[in-house]
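*Asks:* Below is the file query-v2.csv, which contains CSV, C-alpha atoms.
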chain,number,residue,atom,x,y,z
A,1,MET,CA,210.8,105.5,176.2
A,2,ALA,CA,208.1,106.4,173.7
A,3,ASN,CA,205.8,103.8,172.1
A,4,LYS,CA,206.2,103.3,168.4
A,5,PRO,CA,203.3,104.6,166.4
A,6,ALA,CA,201.0,101.9,165.0
A,7,ILE,CA,201.2,101.4,161.3
A,8,THR,CA,197.9,101.3,159.6
A,9,GLN,CA,196.8,100.6,156.1
A,10,GLN,CA,193.8,101.9,154.4
A,11,VAL,CA,191.9,99.9,151.8
A,12,ILE,CA,189.5,101.7,149.4
A,13,VAL,CA,187.0,99.5,147.7
A,14,LEU,CA,185.6,101.1,144.6
A,15,SER,CA,183.3,98.4,143.4
A,16,ALA,CA,182.3,95.6,145.8
A,17,LYS,CA,180.1,92.8,144.8
A,18,PRO,CA,179.1,89.8,146.9
A,19,LEU,CA,181.0,86.6,146.3
A,20,ASP,CA,179.3,83.4,145.3
A,21,ASP,CA,180.4,80.1,146.8
A,22,ASP,CA,182.6,79.2,143.9
A,23,GLU,CA,184.4,82.5,143.9
A,24,ALA,CA,184.9,82.3,147.7
A,25,ASP,CA,186.3,78.7,147.4
A,26,TYR,CA,188.6,79.7,144.7
A,27,LEU,CA,190.0,82.8,146.5
A,28,ILE,CA,190.6,80.8,149.7
A,29,SER,CA,192.1,77.9,147.8
A,30,ARG,CA,194.4,80.2,145.9
A,31,GLU,CA,195.6,82.0,149.0
A,32,ARG,CA,196.2,78.7,150.8
A,33,GLY,CA,198.2,77.5,147.8
A,34,LEU,CA,200.5,80.5,148.2
A,35,THR,CA,200.8,80.4,152.0
A,36,HIS,CA,200.3,76.8,153.2
A,37,GLN,CA,202.7,73.9,152.8
A,38,ALA,CA,201.7,70.9,150.9
A,39,THR,CA,202.1,67.4,152.3
A,40,SER,CA,202.1,64.2,150.1
A,41,PHE,CA,199.2,61.9,150.7
A,42,GLU,CA,201.6,59.1,151.8
A,43,ARG,CA,203.1,61.4,154.5
A,44,PHE,CA,199.6,62.5,155.5
A,45,LEU,CA,198.6,58.8,156.0
A,46,LYS,CA,201.8,58.1,158.1
A,47,ARG,CA,200.7,60.7,160.6
A,48,ARG,CA,197.2,59.1,160.8
A,49,PRO,CA,197.7,55.3,161.1
A,50,ARG,CA,194.2,54.7,162.3
A,51,ASP,CA,192.7,56.3,159.2
A,52,ALA,CA,195.3,54.6,156.9
A,53,LYS,CA,193.9,51.1,157.5
A,54,GLY,CA,192.8,49.6,154.2
A,55,VAL,CA,194.4,52.2,152.1
A,56,GLU,CA,196.1,50.7,149.0
A,57,LYS,CA,199.8,50.9,148.6
A,58,ALA,CA,199.7,50.6,144.8
A,59,VAL,CA,201.2,53.2,142.6
A,60,LEU,CA,198.3,55.2,141.2
A,61,PRO,CA,198.1,57.5,138.1
A,62,TRP,CA,197.6,60.7,140.0
A,63,LYS,CA,199.7,62.0,142.9
A,64,ARG,CA,197.8,63.6,145.8
A,65,GLN,CA,198.8,66.3,148.2
A,66,LEU,CA,197.0,68.2,151.0
A,67,LEU,CA,197.6,71.7,152.1
A,68,SER,CA,198.2,72.2,155.8
A,69,GLY,CA,194.8,74.0,156.1
A,70,ALA,CA,193.0,71.0,154.6
A,71,GLU,CA,194.8,68.7,157.0
A,72,LYS,CA,193.5,70.6,159.9
A,73,GLU,CA,190.0,70.6,158.5
A,74,TYR,CA,190.3,66.8,158.0
A,75,ASP,CA,191.4,66.3,161.6
A,76,ALA,CA,188.4,68.3,162.8
A,77,LEU,CA,185.9,66.0,161.1
A,78,ARG,CA,183.8,63.4,162.9
A,79,ASP,CA,184.9,59.7,162.4
A,80,SER,CA,182.2,58.8,159.9
A,81,VAL,CA,182.8,61.9,157.8
A,82,ARG,CA,186.6,61.3,158.0
A,83,ALA,CA,186.1,57.8,156.6
A,84,THR,CA,184.1,59.1,153.7
A,85,ALA,CA,186.6,61.9,153.1
A,86,MET,CA,189.5,59.3,153.1
A,87,ALA,CA,187.6,57.1,150.6
A,88,PHE,CA,187.0,60.2,148.4
A,89,MET,CA,190.7,61.2,148.5
A,90,ARG,CA,191.7,57.6,147.6
A,91,GLY,CA,189.3,57.8,144.6
A,92,LEU,CA,190.9,61.1,143.4
A,93,ALA,CA,194.2,59.2,142.7
A,94,LYS,CA,192.3,57.1,140.2
A,95,ASP,CA,190.0,59.7,138.7
A,96,PRO,CA,190.3,63.4,139.7
A,97,PHE,CA,187.0,64.2,137.9
A,98,PRO,CA,184.5,62.0,139.7
A,99,THR,CA,180.7,62.2,139.1
A,100,GLY,CA,179.4,65.3,140.9
A,101,ALA,CA,182.7,67.3,140.7
A,102,LEU,CA,182.3,70.7,139.2
A,103,PRO,CA,184.8,73.3,138.1
A,104,LEU,CA,184.9,76.4,140.3
A,105,GLY,CA,183.3,78.9,138.0
A,106,LYS,CA,185.7,80.5,135.5
A,107,HIS,CA,188.9,79.2,137.3
A,108,PRO,CA,190.5,76.4,135.3
A,109,GLY,CA,192.0,73.6,137.3
A,110,HIS,CA,190.0,74.2,140.5
A,111,TYR,CA,187.1,71.8,141.3
A,112,ARG,CA,184.6,71.2,144.1
A,113,ALA,CA,183.0,67.9,144.8
A,114,PRO,CA,180.4,66.9,147.4
A,115,PHE,CA,180.7,63.9,149.7
A,116,TYR,CA,179.1,62.5,152.8
A,117,ARG,CA,175.5,62.7,151.7
A,118,ASP,CA,176.2,66.0,150.0
A,119,GLN,CA,176.7,67.7,153.4
A,120,TYR,CA,180.5,68.3,152.9
A,121,ARG,CA,182.5,69.8,150.1
A,122,MET,CA,186.1,69.1,149.0
A,123,ILE,CA,187.9,71.8,147.0
A,124,TYR,CA,191.0,70.7,145.0
A,125,LYS,CA,193.3,71.8,142.2
A,126,VAL,CA,194.2,69.5,139.4
A,127,SER,CA,197.5,69.9,137.5
A,128,LYS,CA,197.2,67.7,134.4
A,129,SER,CA,200.8,68.3,133.3
A,130,GLN,CA,202.1,67.0,136.7
A,131,ARG,CA,199.3,64.5,137.1
A,132,ALA,CA,198.7,65.8,140.6
A,133,VAL,CA,195.7,66.7,142.8
A,134,VAL,CA,196.2,69.2,145.6
A,135,ILE,CA,193.4,69.2,148.1
A,136,THR,CA,192.9,72.8,149.5
A,137,ARG,CA,189.7,72.7,151.5
A,138,ILE,CA,187.4,70.2,153.3
A,139,ARG,CA,184.3,72.0,154.6
A,140,ARG,CA,180.8,71.5,155.7
A,141,LYS,CA,178.2,73.0,153.3
A,142,ASP,CA,176.3,75.4,155.6
A,143,GLU,CA,176.1,79.1,156.4
A,144,LYS,CA,179.2,78.9,158.6
A,145,THR,CA,181.3,77.7,155.6
A,146,TYR,CA,181.4,81.1,154.1
A,147,ALA,CA,181.1,83.3,157.2
A,148,GLY,CA,181.8,86.9,156.3
A,149,LYS,CA,181.1,86.3,152.6
A,150,GLU,CA,177.7,87.3,151.4
A,151,GLN,CA,176.2,84.4,149.5
A,152,ALA,CA,174.4,84.6,146.2
A,153,PRO,CA,170.6,83.9,146.5
A,154,PRO,CA,169.6,80.3,145.4
A,155,ALA,CA,168.5,79.9,141.8
A,156,ILE,CA,164.7,79.4,141.5
Is it possible to give me this structure as structure tokens?
*Replies:*
Amino acid sequence: MANKPAITQQVIVLSAKPLDDDEADYLISRERGLTHQATSFERFLKRRPRDAKGVEKAVLPWKRQLLSGAEKEYDALRDSVRATAMAFMRGLAKDPFPTGALPLGKHPGHYRAPFYRDQYRMIYKVSKSQRAVVITRIRRKDEKTYAGKEQAPPAI
């Protein structure tokens, strides 16, 4: 019995430019939004009873959801960072535009916000019409965050 030939695809890049952090965050968030399932914040908390202690049960103005990739990133955080991330996510239900949150470049609706002594970054999408916040990424801000993506040089 003969082996099936491998199917290969060729990609031709005509004009490649390095991605800055905002563009990389947006592209990864957009792809996760298309391929990952979203979980409501309440369901997310039910699966993590230890982290849910002290979380309010009140109805808040903004719904929160996490994509499965963001859940995995949350689970990989140290306890102290997880506590700060949980507090930040609780705050997003009251105000999805906290101090320090910036839009991701030219992509409306996508934001990044620093937390835990500015060492971590949460990327999320805000839908004003649905009054919903979808958390797409929770990452440490270091050279490993954007591995494989050439970063723009810092502004002087």
*Asks:* If you take all atoms listed in the file and a cut-off of 8 Å, which residues of stretch 17-70 of chain A touch stretch 84-106 of chain A, and what are their nearest atom pairs and distances in Å to one decimal, in chain and number order, as a Markdown table?
*Replies:*
| residue | atom | partner | partner_atom | distance |
| --- | --- | --- | --- | --- |
| A:Asp22 | CA | A:Leu104 | CA | 5.1 |
| A:Glu23 | CA | A:Gly105 | CA | 7.0 |
| A:Asp25 | CA | A:Leu104 | CA | 7.6 |
| A:Tyr26 | CA | A:Leu104 | CA | 6.6 |
| A:Asp51 | CA | A:Met86 | CA | 7.5 |
| A:Val55 | CA | A:Arg90 | CA | 7.5 |
| A:Leu60 | CA | A:Ala93 | CA | 5.9 |
| A:Pro61 | CA | A:Lys94 | CA | 6.2 |
| A:Trp62 | CA | A:Ala93 | CA | 4.6 |
| A:Lys63 | CA | A:Ala93 | CA | 6.2 |
| A:Arg64 | CA | A:Ala93 | CA | 6.5 |
*Asks:* Taking into account only C-alpha atoms, which residue in the set A:Ile135, A:Gln65, A:Ala52, A:Ser129 is nearest to A:Arg30?
*Replies:* A:Ile135
*Asks:* For A:Val126, work out the shell of residues within 7 Å, counting only C-alpha atoms and skipping chain neighbours fewer than 4 positions away, then give it as an mmCIF file with C-alpha atoms, keeping the file's coordinate frame.
*Replies:*
data_model
loop_
_atom_site.group_PDB
_atom_site.id
_atom_site.type_symbol
_atom_site.label_atom_id
_atom_site.label_comp_id
_atom_site.auth_asym_id
_atom_site.auth_seq_id
_atom_site.Cartn_x
_atom_site.Cartn_y
_atom_site.Cartn_z
ATOM 1 C CA GLY A 109 192.000 73.600 137.300
ATOM 2 C CA HIS A 110 190.000 74.200 140.500
ATOM 3 C CA ALA A 132 198.700 65.800 140.600
ATOM 4 C CA VAL A 133 195.700 66.700 142.800
ATOM 5 C CA VAL A 134 196.200 69.200 145.600
#
*Asks:* Distance atom CA of A:Asp21-atom CA of A:Leu77, one decimal place?
*Replies:* 20.8 Å
*Asks:* What does the distance between atom CA of A:Phe115 and atom CA of A:Gln37 come to in Å, to one decimal place?
*Replies:*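 Between atom CA of A:Phe115 and atom CA of A:Gln37 the gap works out to 24.4 Å.
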*Asks:* For a test of reading the model, state the distance in Å between atom CA of A:Leu67 and atom CA of A:Glu31, rounded to one decimal.
*Replies:*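 We find that atom CA of A:Leu67 and atom CA of A:Glu31 lie 10.9 Å from each other.
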*Asks:* Could you tell me which of A:Gly69, A:Arg43, A:Arg50, A:Val81 comes closest to A:Arg117 if we count only C-alpha atoms?
*Replies:*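 For A:Arg117, the nearest of the given residues is A:Val81.
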*Asks:* Given the choices A:Glu73, A:Thr136, A:Arg82, A:Ala113, which gets closest to A:Leu34 if the distance is worked out from only C-alpha atoms?
*Replies:* A:Thr136
